[in-house]
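work.cif follows (mmCIF, C-alpha atoms):
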data_final
#
loop_
_atom_site.label_atom_id
_atom_site.label_comp_id
_atom_site.auth_asym_id
_atom_site.auth_seq_id
_atom_site.Cartn_x
_atom_site.Cartn_y
_atom_site.Cartn_z
CA GLY E 17 -21.11 -6.04 -82.23
CA PHE E 18 -23.96 -8.48 -81.59
CA LYS E 19 -27.28 -9.59 -83.02
CA VAL E 20 -30.53 -10.13 -81.14
CA GLU E 21 -33.59 -12.03 -82.34
CA ALA E 22 -36.75 -13.44 -80.84
CA ARG E 23 -37.07 -17.20 -81.18
CA PRO E 24 -40.04 -19.37 -80.24
CA ILE E 25 -39.47 -21.80 -77.39
CA TYR E 26 -42.56 -23.91 -78.17
CA GLU E 27 -45.15 -24.58 -80.82
CA ARG E 28 -48.70 -25.89 -80.67
CA LYS E 29 -49.57 -29.11 -82.46
CA ASP E 30 -52.98 -30.71 -82.12
CA ARG E 31 -53.82 -28.44 -79.16
CA THR E 32 -50.65 -29.55 -77.36
CA VAL E 33 -47.62 -27.46 -76.45
CA VAL E 34 -44.48 -28.95 -78.01
CA PRO E 35 -41.16 -27.59 -76.67
CA LEU E 36 -38.58 -26.47 -79.20
CA VAL E 37 -35.77 -26.17 -76.63
CA LYS E 38 -34.54 -28.30 -73.74
CA ALA E 39 -35.47 -27.30 -70.21
CA GLU E 40 -32.55 -26.27 -68.01
CA PRO E 41 -32.62 -28.55 -64.91
CA GLU E 42 -31.03 -25.85 -62.73
CA VAL E 43 -33.81 -23.39 -63.60
CA THR E 44 -36.70 -25.86 -63.36
CA GLY E 45 -35.36 -27.14 -60.05
CA ALA E 46 -35.08 -23.62 -58.64
CA VAL E 47 -38.71 -22.76 -59.41
CA LYS E 48 -40.33 -26.19 -58.99
CA ARG E 49 -41.93 -25.58 -55.57
CA GLU E 50 -43.36 -22.19 -56.54
CA HIS E 51 -44.53 -23.50 -59.92
CA GLU E 52 -46.41 -26.39 -58.32
CA ALA E 53 -47.96 -24.08 -55.72
CA THR E 54 -49.11 -21.73 -58.48
CA LEU E 55 -50.67 -24.59 -60.44
CA ALA E 56 -52.47 -25.86 -57.33
CA TYR E 57 -53.84 -22.35 -56.70
CA VAL E 58 -55.09 -21.67 -60.24
CA ARG E 59 -56.67 -25.12 -60.50
CA GLN E 60 -58.95 -24.52 -57.50
CA PRO E 61 -62.61 -24.40 -58.52
CA VAL E 62 -64.19 -20.96 -58.09
CA GLY E 63 -67.52 -21.56 -59.79
CA GLU E 64 -69.41 -23.62 -62.32
CA THR E 65 -70.89 -22.98 -65.74
CA LYS E 66 -73.91 -24.80 -67.05
CA ALA E 67 -73.27 -23.67 -70.63
CA PRO E 68 -70.12 -23.66 -72.76
CA ILE E 69 -68.05 -20.48 -72.86
CA ASN E 70 -66.17 -19.92 -76.10
CA SER E 71 -64.85 -17.16 -78.30
CA TYR E 72 -65.54 -18.63 -81.73
CA TRP E 73 -67.60 -15.62 -82.85
CA ALA E 74 -66.00 -12.94 -80.63
CA LEU E 75 -64.97 -10.74 -83.53
CA VAL E 76 -68.44 -10.57 -85.09
CA ALA E 77 -71.03 -10.92 -82.30
CA ASP E 78 -71.62 -10.69 -78.55
CA ASP E 79 -69.54 -13.38 -76.96
CA PRO E 80 -69.90 -15.29 -73.67
CA SER E 81 -66.15 -15.39 -73.03
CA VAL E 82 -65.96 -11.60 -73.17
CA GLN E 83 -69.25 -11.04 -71.37
CA ILE E 84 -68.20 -13.05 -68.31
CA VAL E 85 -65.00 -10.98 -68.00
CA SER E 86 -66.96 -7.75 -68.31
CA GLN E 87 -69.48 -8.85 -65.68
CA ALA E 88 -66.68 -9.91 -63.32
CA GLN E 89 -65.05 -6.49 -63.67
CA VAL E 90 -68.31 -4.74 -62.76
CA TRP E 91 -68.86 -7.13 -59.82
CA TYR E 92 -65.37 -6.36 -58.52
CA VAL E 93 -65.51 -2.58 -58.93
CA LYS E 94 -69.01 -1.84 -57.55
CA PRO E 95 -68.11 -2.49 -53.87
CA LEU E 96 -64.87 -0.53 -54.26
CA ALA E 97 -66.78 2.43 -55.70
CA ALA E 98 -69.36 2.23 -52.91
CA ASN E 99 -66.59 2.27 -50.27
CA LEU E 100 -65.27 5.49 -51.84
CA GLY E 101 -68.71 7.11 -51.75
CA LEU E 102 -69.17 6.64 -55.48
CA GLY E 103 -71.82 3.91 -55.30
CA ALA E 104 -74.46 6.03 -57.09
CA LEU E 105 -72.32 6.32 -60.22
CA PRO E 106 -72.82 3.87 -63.08
CA VAL E 107 -70.03 1.37 -63.62
CA LEU E 108 -68.97 0.68 -67.18
CA SER E 109 -66.78 -2.23 -68.16
CA ALA E 110 -64.77 -2.75 -71.33
CA ALA E 111 -63.53 -6.20 -72.29
CA ALA E 112 -62.03 -7.66 -75.43
CA PRO E 113 -61.52 -11.26 -76.54
CA PHE E 114 -58.13 -12.62 -75.52
CA LYS E 115 -58.21 -15.56 -77.88
CA SER E 116 -60.21 -15.20 -81.07
CA GLY E 117 -58.32 -17.03 -83.81
CA GLY E 118 -56.65 -14.66 -86.23
CA ARG E 119 -52.87 -14.54 -86.02
CA GLY E 120 -52.96 -16.95 -83.09
CA GLY E 121 -54.05 -19.71 -85.45
CA PRO E 122 -57.13 -21.82 -86.04
CA ASP E 123 -57.09 -23.33 -82.55
CA TYR E 124 -56.50 -20.04 -80.72
CA TYR E 125 -59.91 -19.67 -79.08
CA THR E 126 -61.34 -19.76 -75.59
CA ASP E 127 -63.29 -23.01 -75.21
CA VAL E 128 -64.56 -23.82 -71.72
CA LYS E 129 -66.81 -26.87 -71.42
CA PRO E 130 -69.74 -26.85 -68.96
CA GLY E 131 -68.70 -27.75 -65.44
CA PRO E 132 -66.35 -26.43 -62.75
CA ILE E 133 -64.38 -23.27 -63.51
CA ALA E 134 -60.95 -22.68 -62.00
CA ILE E 135 -59.05 -19.45 -61.57
#
Write the structure described by the file as structure tokens, please.
Amino acid sequence: GFKVEARPIYERKDRTVVPLVKAEPEVTGAVKREHEATLAYVRQPVGETKAPINSYWALVADDPSVQIVSQAQVWYVKPLAANLGLGALPVLSAAAPFKSGGRGGPDYYTDVKPGPIAI
């Protein structure tokens, strides 16, 4: 005797997130400390890029935004494999573009400017 539907809680306009619902003060207050700690953590610099990283052509050509993920996966797995006695085996990595336009819209791309990179 009920109906369920998915409704958007925000929309993107001019590369900005615009809320479509009001925030609940009780909920935002309950998670505020953890939310701020998470933001501080993910904003810490972990490296730097000298060239832009974007996914504008990810669906039709090799792409730097996908390549960096693939290389990071190999970098992470190689020591783990070596610790298991599998260091002589080749490590393959598969990666796909997370944001490459399409149904996500015309501004749904990865676009990292040169400079510091955060988590």
Which distance in Å separates atom CA of Pro106 of chain E and atom CA of Lys94 of chain E, to one decimal?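 Rounded to one decimal, the two atoms are 8.8 Å apart.
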What residues come out when you apply the PyMOL selection byres ((chain E and resi 125) around 8) to this file, written as a list of chain:residue names?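 Those residues are E:Asn70, E:Ser71, E:Tyr72, E:Lys115, E:Ser116, E:Gly117, E:Pro122, E:Asp123, E:Tyr124, E:Thr126, E:Asp127.
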Identify the residues within 7 Å of coordinate (-67.5, -24.6, -75.0) (same frame as the file), considering all atoms listed in the file, and give the answer as a PyMOL selection string. chain E and resi 68-70+127-130
Selection dump of the PyMOL selection byres ((chain E and resi 20-28) around 12), as a PyMOL selection string: chain E and resi 17-19+29-39+120-124
Selection under test: the PyMOL selection byres ((chain E and resi 82) around 12); residues as a ChimeraX atom specification: /E:69-75,77-81,83-89,109-116,125-127
Show which residues sit within 12 Å of Ala56 of chain E, as a list in words. Count only C-alpha atoms, and ignore same-chain residues fewer than 6 positions away. Arg49, Glu50, Ala134 and Ile135 of chain E
Is it possible to get the axis-aligned box enclosing segment 130-134 of chain E (all listed atoms, 3 Å extra per side) as JSON, with centre and edge lengths in Å rounded to one decimal?
{"center_x": -65.3, "center_y": -25.2, "center_z": -65.5, "size_x": 14.8, "size_y": 11.1, "size_z": 13.0}
Report as a list of chain:residue names all protein, DNA and RNA residues lying within 9 Å of Ile133 of chain E, evaluated on all atoms listed in the file, omitting residues in the same chain fewer than 3 positions from it.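 Within the cut-off, the hits are E:Arg59, E:Gln60, E:Pro61, E:Val62, E:Gly63, E:Glu64, E:Thr65, E:Val128, E:Pro130.
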Go ahead and save the residues from that selection, with C-alpha atoms, as a compact mmCIF listing (two decimals), in the frame of the given file.
# COMPACT_ATOMS: atom_id res chain seq x y z
CA ARG E 59 -56.67 -25.12 -60.50
CA GLN E 60 -58.95 -24.52 -57.50
CA PRO E 61 -62.61 -24.40 -58.52
CA VAL E 62 -64.19 -20.96 -58.09
CA GLY E 63 -67.52 -21.56 -59.79
CA GLU E 64 -69.41 -23.62 -62.32
CA THR E 65 -70.89 -22.98 -65.74
CA VAL E 128 -64.56 -23.82 -71.72
CA PRO E 130 -69.74 -26.85 -68.96
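You will find atom CA of Val93 of chain E at 25.1 Å from atom CA of Lys66 of chain E.
The gap separating atom CA of Leu105 of chain E from atom CA of Val90 of chain E is 12.0 Å, in Å to one decimal.
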